[in-house]
>>> print(open('data_9.cif').read())   # mmCIF, C-alpha atoms and all ligand atoms
data_query
loop_
_atom_site.label_atom_id
_atom_site.label_comp_id
_atom_site.auth_asym_id
_atom_site.auth_seq_id
_atom_site.Cartn_x
_atom_site.Cartn_y
_atom_site.Cartn_z
CA MET A 1 -7.64 39.97 7.18
CA THR A 2 -5.79 41.63 4.32
CA ASN A 3 -2.04 41.94 4.08
CA ILE A 4 -0.70 45.42 4.74
CA ILE A 5 2.86 44.39 3.85
CA GLU A 6 4.02 41.88 1.28
CA ALA A 7 7.64 41.19 0.45
CA VAL A 8 8.51 38.67 -2.26
CA HIS A 9 12.04 37.35 -2.94
CA VAL A 10 13.71 40.54 -1.72
CA ASN A 11 17.50 40.75 -2.04
CA LYS A 12 19.72 43.55 -0.81
CA ASN A 13 23.48 43.89 -1.16
CA PHE A 14 25.77 46.53 0.26
CA ASN A 15 29.13 46.87 -1.52
CA GLY A 16 28.71 43.47 -3.13
CA ARG A 17 27.93 41.81 0.23
CA SER A 18 24.55 40.12 0.58
CA ILE A 19 22.65 41.59 3.54
CA LEU A 20 19.16 40.22 2.82
CA SER A 21 18.64 37.23 0.61
CA ASP A 22 15.42 35.90 -0.81
CA VAL A 23 13.27 37.42 1.94
CA SER A 24 9.53 36.77 1.50
CA PHE A 25 6.86 37.43 4.10
CA SER A 26 3.53 39.12 4.65
CA ILE A 27 2.03 41.08 7.52
CA LYS A 28 -1.67 41.24 8.30
CA GLU A 29 -3.48 44.51 8.75
CA GLY A 30 -4.10 45.35 12.42
CA SER A 31 -1.54 42.88 13.78
CA ILE A 32 1.50 43.36 16.00
CA ASN A 33 4.57 41.64 14.62
CA GLY A 34 7.99 40.93 16.02
CA LEU A 35 10.90 41.01 13.57
CA LEU A 36 13.47 39.12 15.59
CA GLY A 37 17.09 38.35 15.05
CA PRO A 38 20.59 38.84 16.39
CA ASN A 39 22.64 41.99 15.77
CA GLY A 40 23.43 42.40 12.10
CA ALA A 41 20.67 40.00 10.94
CA GLY A 42 19.27 42.69 8.62
CA LYS A 43 16.23 43.92 10.56
CA THR A 44 16.91 47.65 10.18
CA THR A 45 17.77 47.17 6.52
CA MET A 46 14.38 45.50 6.01
CA ILE A 47 12.56 48.42 7.64
CA ARG A 48 14.46 50.90 5.46
CA LEU A 49 13.53 48.92 2.34
CA LEU A 50 9.85 48.83 3.33
CA ASN A 51 9.86 52.60 3.75
CA GLY A 52 11.55 53.21 0.43
CA VAL A 53 14.59 54.83 2.06
CA ILE A 54 16.79 52.36 0.18
CA ASN A 55 15.99 50.13 -2.78
CA PRO A 56 16.35 46.36 -3.08
CA ASN A 57 18.65 44.80 -5.68
CA SER A 58 15.79 42.51 -6.65
CA GLY A 59 12.40 41.37 -5.45
CA THR A 60 9.09 43.14 -4.98
CA MET A 61 7.34 44.76 -2.04
CA LYS A 62 3.92 46.25 -1.44
CA VAL A 63 3.28 48.36 1.65
CA MET A 64 -0.29 49.60 2.14
CA GLY A 65 -0.73 48.95 -1.56
CA TYR A 66 2.26 51.09 -2.57
CA ASP A 67 5.60 50.09 -4.04
CA PRO A 68 8.38 51.40 -1.74
CA LYS A 69 10.71 51.70 -4.72
CA SER A 70 8.61 54.26 -6.60
CA GLU A 71 6.02 55.41 -4.03
CA GLY A 72 8.09 55.79 -0.85
CA ASP A 73 6.57 59.23 -0.19
CA GLU A 74 3.05 57.76 -0.08
CA ILE A 75 4.22 55.10 2.38
CA ARG A 76 6.05 57.57 4.62
CA LYS A 77 2.93 59.79 4.71
CA ARG A 78 0.97 56.86 6.13
CA ALA A 79 3.62 55.21 8.31
CA GLY A 80 5.29 56.18 11.56
CA ILE A 81 8.85 55.19 12.34
CA VAL A 82 10.60 55.08 15.67
CA THR A 83 14.33 54.47 15.38
CA GLU A 84 17.01 54.86 17.98
CA SER A 85 18.26 57.95 16.23
CA ALA A 86 14.81 59.53 15.83
CA ALA A 87 15.76 63.00 16.96
CA LEU A 88 13.88 65.36 19.22
CA TYR A 89 15.05 68.91 19.84
CA HIS A 90 16.49 68.98 23.34
CA ASP A 91 16.24 72.72 23.81
CA MET A 92 12.53 72.73 22.94
CA SER A 93 9.63 71.61 25.12
CA ALA A 94 7.72 68.38 24.50
CA TRP A 95 4.78 70.42 23.23
CA ASP A 96 6.91 72.55 20.88
CA ASN A 97 8.64 69.45 19.50
CA LEU A 98 5.31 67.86 18.65
CA VAL A 99 3.98 71.08 17.12
CA PHE A 100 7.16 71.42 15.05
CA PHE A 101 7.06 67.86 13.70
CA SER A 102 3.32 67.90 13.07
CA LYS A 103 3.79 70.98 10.89
CA ILE A 104 6.55 69.20 8.97
CA TYR A 105 4.20 66.23 8.46
CA ASN A 106 1.47 68.66 7.40
CA ALA A 107 -0.70 67.31 10.21
CA TYR A 108 -0.80 70.14 12.74
CA ASP A 109 -3.68 69.51 15.13
CA PRO A 110 -3.36 70.72 18.75
CA LYS A 111 -6.14 68.34 19.81
CA ARG A 112 -4.19 65.38 18.47
CA ILE A 113 -1.04 66.56 20.27
CA SER A 114 -2.94 66.90 23.56
CA TYR A 115 -4.54 63.52 23.04
CA LEU A 116 -1.19 61.82 22.44
CA LEU A 117 0.49 63.54 25.38
CA ASP A 118 -2.40 62.34 27.48
CA GLN A 119 -2.19 58.78 26.12
CA PHE A 120 1.51 58.65 26.98
CA GLY A 121 1.02 60.16 30.42
CA MET A 122 3.04 63.27 29.54
CA ASN A 123 0.45 66.05 29.61
CA ASP A 124 1.73 67.50 32.88
CA LYS A 125 5.28 67.65 31.46
CA LYS A 126 4.41 69.16 28.11
CA ASP A 127 6.12 72.48 28.79
CA GLN A 128 9.38 70.97 30.03
CA LEU A 129 12.46 70.87 27.82
CA ILE A 130 13.16 67.48 26.22
CA GLY A 131 16.76 67.82 27.42
CA THR A 132 15.54 67.45 31.01
CA PHE A 133 13.67 64.18 30.32
CA SER A 134 14.74 60.63 31.22
CA THR A 135 15.28 58.07 28.42
CA GLY A 136 11.82 56.61 29.10
CA MET A 137 10.13 60.01 28.87
CA LYS A 138 11.96 60.81 25.63
CA LYS A 139 10.86 57.43 24.26
CA ARG A 140 7.22 58.27 24.99
CA ILE A 141 7.52 61.60 23.18
CA THR A 142 9.23 59.84 20.26
CA LEU A 143 6.28 57.44 20.09
CA ALA A 144 3.83 60.35 20.23
CA LYS A 145 5.81 62.04 17.44
CA ALA A 146 5.54 58.92 15.25
CA LEU A 147 1.76 58.89 15.76
CA LEU A 148 1.06 62.59 15.06
CA HIS A 149 -0.23 61.97 11.54
CA LYS A 150 -2.42 58.99 12.56
CA PRO A 151 -0.36 56.42 10.67
CA SER A 152 -1.83 53.09 9.63
CA LEU A 153 1.51 51.39 10.11
CA LEU A 154 4.12 51.86 12.81
CA PHE A 155 7.72 50.62 12.56
CA LEU A 156 9.70 50.44 15.76
CA ASP A 157 13.40 49.68 15.74
CA GLU A 158 14.48 48.42 19.18
CA PRO A 159 11.89 50.58 20.98
CA THR A 160 12.89 49.41 24.44
CA ASN A 161 16.64 49.98 24.21
CA GLY A 162 17.98 51.86 27.19
CA LEU A 163 14.80 51.51 29.24
CA ASP A 164 14.50 50.01 32.72
CA PRO A 165 11.94 47.19 33.29
CA GLU A 166 9.23 49.68 34.25
CA GLY A 167 9.91 51.78 31.14
CA ILE A 168 9.79 48.64 28.99
CA ASN A 169 6.43 47.66 30.47
CA ASP A 170 5.13 51.17 29.82
CA VAL A 171 6.15 51.08 26.15
CA ILE A 172 4.63 47.60 25.67
CA HIS A 173 1.43 48.79 27.32
CA TYR A 174 1.22 51.96 25.17
CA LEU A 175 1.85 49.97 22.01
CA SER A 176 -0.91 47.48 22.67
CA ARG A 177 -3.28 50.34 23.44
CA VAL A 178 -2.38 52.21 20.26
CA ASN A 179 -2.87 49.01 18.30
CA ALA A 180 -6.29 48.38 19.87
CA GLU A 181 -7.57 51.96 19.80
CA GLU A 182 -6.18 53.28 16.52
CA LYS A 183 -6.00 49.95 14.65
CA VAL A 184 -2.37 50.62 13.81
CA THR A 185 -0.42 47.68 12.42
CA ILE A 186 2.88 47.46 14.28
CA VAL A 187 6.23 45.99 13.26
CA ILE A 188 8.77 45.82 16.07
CA CYS A 189 12.43 44.96 15.46
CA SER A 190 14.19 43.57 18.45
CA HIS A 191 16.82 41.18 19.65
CA VAL A 192 15.38 41.24 23.19
CA LEU A 193 12.79 38.57 22.86
CA HIS A 194 11.02 38.10 26.14
CA GLN A 195 9.78 41.70 26.05
CA LEU A 196 7.79 41.01 22.91
CA GLU A 197 6.07 37.79 23.70
CA THR A 198 3.14 39.37 25.47
CA ILE A 199 2.18 41.76 22.70
CA CYS A 200 3.07 40.21 19.35
CA ASP A 201 0.51 38.29 17.32
CA SER A 202 3.13 36.81 15.05
CA PHE A 203 6.86 36.61 14.63
CA LEU A 204 9.45 36.63 11.88
CA PHE A 205 12.88 35.27 12.69
CA LEU A 206 15.73 36.69 10.65
CA LYS A 207 19.26 35.32 10.68
CA ASN A 208 22.14 36.21 8.38
CA GLY A 209 19.72 38.04 6.11
CA ARG A 210 17.28 35.16 5.71
CA ILE A 211 13.89 34.42 7.22
CA ILE A 212 14.50 31.21 9.11
CA GLU A 213 11.02 30.89 10.60
CA GLU A 214 7.71 32.70 10.91
CA GLY A 215 4.32 32.21 12.44
CA THR A 216 2.03 32.95 15.34
CA ARG A 217 3.07 32.03 18.84
CA SER A 218 0.86 28.95 18.88
CA GLU A 219 1.97 27.81 15.41
CA LEU A 220 5.60 28.04 16.52
CA GLU A 221 4.86 26.31 19.80
CA ASP A 222 3.10 23.45 18.04
CA LYS A 223 6.05 23.06 15.73
CA TYR A 224 8.94 23.41 18.16
CA LEU A 225 7.80 22.56 21.64
CA LYS A 226 7.53 18.80 21.48
CA GLU A 227 7.43 18.45 25.23
CA ILE A 228 6.00 20.60 27.95
CA LYS A 229 7.60 21.34 31.29
CA LEU A 230 4.84 22.01 33.79
CA LEU A 231 5.83 23.38 37.19
CA VAL A 232 3.13 22.65 39.75
CA GLU A 233 3.03 24.07 43.27
CA THR A 234 1.37 21.27 45.18
CA GLY A 235 1.43 19.26 48.38
CA LEU A 236 1.44 16.02 46.34
CA LYS A 237 4.01 13.45 47.50
CA PRO A 238 3.97 10.72 44.83
CA GLU A 239 4.99 7.25 46.03
CA ASN A 240 7.01 6.64 42.87
CA ARG A 241 10.13 8.85 42.94
CA GLN A 242 10.38 9.24 39.15
CA THR A 243 6.90 9.24 37.66
CA TYR A 244 3.34 10.17 38.51
CA MET A 245 0.41 9.00 36.36
CA GLY A 246 3.02 7.90 33.84
CA HIS A 247 4.66 11.35 33.58
CA VAL A 248 8.28 11.89 34.54
CA TYR A 249 8.70 14.55 37.22
CA GLU A 250 11.44 16.27 39.16
CA ARG A 251 11.05 17.80 42.60
CA LYS A 252 12.18 21.45 42.39
CA GLU A 253 11.27 22.69 45.88
CA ALA A 254 9.53 21.15 48.90
CA ASP A 255 6.13 22.04 47.34
CA GLN A 256 7.07 22.18 43.66
CA LEU A 257 7.12 19.40 41.10
CA GLU A 258 8.12 19.85 37.46
CA PHE A 259 6.44 17.40 35.11
CA THR A 260 7.55 16.58 31.57
CA LEU A 261 4.47 16.10 29.39
CA GLY A 262 4.05 15.02 25.79
CA SER A 263 1.46 17.66 24.92
CA LYS A 264 -0.89 20.29 26.31
CA GLU A 265 -3.65 17.65 26.31
CA ASP A 266 -1.88 15.93 29.22
CA ILE A 267 -2.29 18.95 31.51
CA THR A 268 -5.97 18.66 32.48
CA PRO A 269 -5.96 14.95 33.40
CA LEU A 270 -2.70 15.40 35.31
CA LEU A 271 -4.07 18.31 37.35
CA SER A 272 -7.36 16.45 38.00
CA GLY A 273 -5.32 13.51 39.26
CA ILE A 274 -3.26 15.70 41.56
CA LEU A 275 -6.35 17.55 42.85
CA ASN A 276 -7.90 14.22 43.84
CA GLU A 277 -5.03 13.71 46.23
CA SER A 278 -3.77 17.13 47.27
CA TRP A 279 -3.95 20.90 46.86
CA VAL A 280 -2.62 22.91 43.88
CA HIS A 281 -1.72 26.56 44.36
CA SER A 282 -0.26 27.32 40.94
CA CYS A 283 0.97 25.76 37.74
CA GLU A 284 3.05 27.19 34.92
CA ILE A 285 4.55 25.99 31.65
CA THR A 286 8.21 26.85 32.08
CA ASN A 287 9.65 26.10 28.63
CA ARG A 288 7.15 28.16 26.70
CA SER A 289 8.85 31.54 26.69
CA LEU A 290 9.70 33.18 23.41
CA GLU A 291 13.34 32.99 24.42
CA ALA A 292 13.10 29.18 24.67
CA LEU A 293 11.37 29.06 21.28
CA TYR A 294 13.92 31.36 19.72
CA PHE A 295 16.87 29.22 20.75
CA LYS A 296 15.04 26.15 19.62
CA ILE A 297 14.39 27.75 16.21
CA ARG A 298 17.98 28.92 15.87
CA GLY A 299 19.20 25.51 16.98
CA GLU A 300 17.19 23.78 14.26
CA ASP A 301 18.46 26.11 11.54
CA HIS A 302 21.58 24.38 10.30
CA GLU A 303 22.65 26.82 7.60
N1 LIG A 401 24.48 51.49 4.48
C1 LIG A 401 25.17 50.36 4.69
N2 LIG A 401 26.32 50.11 4.05
C2 LIG A 401 27.00 48.95 4.24
N3 LIG A 401 26.61 47.98 5.09
C3 LIG A 401 25.47 48.16 5.77
C4 LIG A 401 24.69 49.37 5.62
N4 LIG A 401 23.59 49.26 6.43
C5 LIG A 401 23.70 48.06 7.06
N5 LIG A 401 24.82 47.41 6.66
C6 LIG A 401 25.23 46.07 7.13
O1 LIG A 401 24.12 45.21 6.98
C7 LIG A 401 24.10 44.24 8.03
C8 LIG A 401 22.72 44.23 8.64
O2 LIG A 401 22.53 45.46 9.32
P1 LIG A 401 21.15 45.85 10.01
O3 LIG A 401 21.37 47.15 10.68
O4 LIG A 401 20.07 45.74 9.03
O5 LIG A 401 21.02 44.69 11.08
P2 LIG A 401 20.07 44.59 12.33
O6 LIG A 401 19.47 43.23 12.29
O7 LIG A 401 19.14 45.75 12.37
O8 LIG A 401 21.09 44.66 13.51
P3 LIG A 401 21.03 45.42 14.93
O9 LIG A 401 20.20 44.56 15.83
O10 LIG A 401 22.47 45.44 15.32
O11 LIG A 401 20.45 46.77 14.67
C9 LIG A 401 25.22 44.62 8.99
O12 LIG A 401 26.32 43.77 8.75
C10 LIG A 401 25.55 46.04 8.60
O13 LIG A 401 26.90 46.31 8.83
#
>>> encode(input="data_9.cif", output="structure tokens", more="lines below")
Ligand SMILES: Nc1ncnc2c1ncn2[C@@H]1O[C@H](COP(=O)(O)OP(=O)(O)OP(=O)(O)O)[C@@H](O)[C@H]1O
Amino acid sequence: MTNIIEAVHVNKNFNGRSILSDVSFSIKEGSINGLLGPNGAGKTTMIRLLNGVINPNSGTMKVMGYDPKSEGDEIRKRAGIVTESAALYHDMSAWDNLVFFSKIYNAYDPKRISYLLDQFGMNDKKDQLIGTFSTGMKKRITLAKALLHKPSLLFLDEPTNGLDPEGINDVIHYLSRVNAEEKVTIVICSHVLHQLETICDSFLFLKNGRIIEEGTRSELEDKYLKEIKLLVETGLKPENRQTYMGHVYERKEADQLEFTLGSKEDITPLLSGILNESWVHSCEITNRSLEALYFKIRGEDHE
């Protein structure tokens, strides 16, 4: 897979204060990427640099083969951006908003507008005023707006802010569909980690303007999760109160045991052993969430 974004030794200062320092990373075409970090880490600044809205103090970037510093227009023609402030006109209908923005993007195509409204489940509301929509409905129209010109790259800055769990699931679902169907590469900035774990192929962790870690979920797991907590719903009653088949366990509920294992390779033999003696209704790795990884990564960064 080719890289659609490359950033090499990028530095950005505001008023003499370093906001991004020595940031280097690449993003593969067709992937979904989480740009993670606490408030103020520099995520939005990075997105603005990649779109050529602001320039770096030093370093080089290539986005879809273009240099954001001198060819920002070419990038913005081919990229969609969803920010919190991405405005829609509240006194215009969903349809009229999309027509208006598609004309600005020079991409007016009623079929595309209908298609997007359909994809986002908003076709039956197309004639309603945006001002009457819930936050989740506005978010869907904002996403449709960002996709009007069939971008190759989509930047999303905190796309789930203000949404309830159902709205968050909807957005995640739409994004994975857009990625699969239109082959759009997606970069999502967020500080809410657990929402991203199901859809991102790889992650970049930013802290105090520096990349402190990057990789795919499994690369990060291999590096940071040295032990596995496996919660098993089973009728097993081990004779030994502390260990079973050499693995330490803790009883969590009457029918739940949590085992501490050295690696994923221990799971199959453990479950076979349990199944020889009793039933198993479910099992789950409990320390594998992105949140757990994130804190582990931050904990191991001693800058
Ligand atoms: N135009 C600007 N002028 C001066 N300082 C700025 C400017 N834009 C951003 N900053 C500062 O840069 C730092 C990083 O901001 P940025 O918005 O990139 O962080 P972020 O990771 O997106 O945070 P959040 O999750 O809160 O959106 C902050 O300390 C912010 O105050």
>>> atom_distance(input="data_9.cif", atom1="atom CA of A:Thr135", atom2="atom CA of A:Asn123")
16.9 Å
>>> residues_around(input="data_9.cif", residues="stretch 261-263 of chain A", least_positions_apart="3", cutoff="8 Å", atoms="all atoms listed in the file", output="VMD selection string")
chain A and resid 226 to 230 247 to 248 266 to 267
>>> residues_near_point(input="data_9.cif", point="(-4.2, 48.5, 10.6)", cutoff="6 Å", atoms="all atoms listed in the file", output="PyMOL selection string")
chain A and resi 29-30+152+183-185
>>> closest_residue(input="data_9.cif", among="A:Glu219, A:Glu277, A:Glu6, A:Glu250", to="A:Val232", atoms="only C-alpha atoms")
A:Glu250
>>> axis_aligned_box(input="data_9.cif", around="ligand LIG 401 (chain A)", padding_each_side="8 Å", output="AutoDock Vina command-line options")
--center_x 23.1 --center_y 47.4 --center_z 9.9 --size_x 23.9 --size_y 24.3 --size_z 27.8
>>> atom_distance(input="data_9.cif", atom1="atom CA of A:Met64", atom2="atom CA of A:Ala180")
18.8 Å
>>> atom_distance(input="data_9.cif", atom1="atom CA of A:Ile5", atom2="atom CA of A:Phe25")
8.0 Å
>>> closest_residue(input="data_9.cif", among="A:Asn33, A:Ser114, A:Ser102, A:Ser24", to="A:Thr216", atoms="only C-alpha atoms")
A:Asn33
>>> residues_near_ligand(input="data_9.cif", ligand="ligand LIG 401 (chain A)", cutoff="6 Å", atoms="all atoms listed in the file", output="list of chain:residue names")
A:Phe14, A:Ile19, A:Pro38, A:Asn39, A:Gly40, A:Ala41, A:Gly42, A:Lys43, A:Thr44, A:Thr45
>>> residues_near_point(input="data_9.cif", point="(2.3, 39.9, 21.3)", cutoff="9 Å", atoms="only C-alpha atoms", output="PyMOL selection string")
chain A and resi 31-34+176+196-203+217
>>> closest_residue(input="data_9.cif", among="A:Thr260, A:Ser272, A:Asn287, A:Asn208", to="A:Gly37", atoms="all atoms listed in the file")
A:Asn208
>>> residues_around(input="data_9.cif", residues="A:Leu271", least_positions_apart="3", cutoff="12 Å", atoms="all atoms listed in the file", output="ChimeraX atom specification")
/A:230-234,236,244-245,247,257,259,261,264-268,274-284
>>> write_last_selection(input="data_9.cif", atoms="C-alpha atoms", output="PDB file, in the coordinates of the input")
ATOM      1  CA  LEU A 230       4.840  22.010  33.790  1.00  0.00           C
ATOM      2  CA  LEU A 231       5.830  23.380  37.190  1.00  0.00           C
ATOM      3  CA  VAL A 232       3.130  22.650  39.750  1.00  0.00           C
ATOM      4  CA  GLU A 233       3.030  24.070  43.270  1.00  0.00           C
ATOM      5  CA  THR A 234       1.370  21.270  45.180  1.00  0.00           C
ATOM      6  CA  LEU A 236       1.440  16.020  46.340  1.00  0.00           C
ATOM      7  CA  TYR A 244       3.340  10.170  38.510  1.00  0.00           C
ATOM      8  CA  MET A 245       0.410   9.000  36.360  1.00  0.00           C
ATOM      9  CA  HIS A 247       4.660  11.350  33.580  1.00  0.00           C
ATOM     10  CA  LEU A 257       7.120  19.400  41.100  1.00  0.00           C
ATOM     11  CA  PHE A 259       6.440  17.400  35.110  1.00  0.00           C
ATOM     12  CA  LEU A 261       4.470  16.100  29.390  1.00  0.00           C
ATOM     13  CA  LYS A 264      -0.890  20.290  26.310  1.00  0.00           C
ATOM     14  CA  GLU A 265      -3.650  17.650  26.310  1.00  0.00           C
ATOM     15  CA  ASP A 266      -1.880  15.930  29.220  1.00  0.00           C
ATOM     16  CA  ILE A 267      -2.290  18.950  31.510  1.00  0.00           C
ATOM     17  CA  THR A 268      -5.970  18.660  32.480  1.00  0.00           C
ATOM     18  CA  ILE A 274      -3.260  15.700  41.560  1.00  0.00           C
ATOM     19  CA  LEU A 275      -6.350  17.550  42.850  1.00  0.00           C
ATOM     20  CA  ASN A 276      -7.900  14.220  43.840  1.00  0.00           C
ATOM     21  CA  GLU A 277      -5.030  13.710  46.230  1.00  0.00           C
ATOM     22  CA  SER A 278      -3.770  17.130  47.270  1.00  0.00           C
ATOM     23  CA  TRP A 279      -3.950  20.900  46.860  1.00  0.00           C
ATOM     24  CA  VAL A 280      -2.620  22.910  43.880  1.00  0.00           C
ATOM     25  CA  HIS A 281      -1.720  26.560  44.360  1.00  0.00           C
ATOM     26  CA  SER A 282      -0.260  27.320  40.940  1.00  0.00           C
ATOM     27  CA  CYS A 283       0.970  25.760  37.740  1.00  0.00           C
ATOM     28  CA  GLU A 284       3.050  27.190  34.920  1.00  0.00           C
TER      29      GLU A 284
END
>>> closest_residue(input="data_9.cif", among="A:Ser18, A:Ile27, A:Ile297, A:Leu117", to="A:Met1", atoms="only C-alpha atoms")
A:Ile27
>>> residues_around(input="data_9.cif", residues="A:Tyr66", least_positions_apart="3", cutoff="12 Å", atoms="only C-alpha atoms", output="list in words")
Ile4, Ile5, Glu6, Ala7, Leu50, Asn51, Gly52, Thr60, Met61, Lys62, Val63, Lys69, Ser70, Glu71, Gly72, Asp73, Glu74, Ile75, Arg76, Lys77, Arg78 and Ala79 of chain A
>>> closest_residue(input="data_9.cif", among="A:Leu129, A:Gly136, A:His149, A:Pro165", to="A:Ile104", atoms="all atoms listed in the file")
A:His149
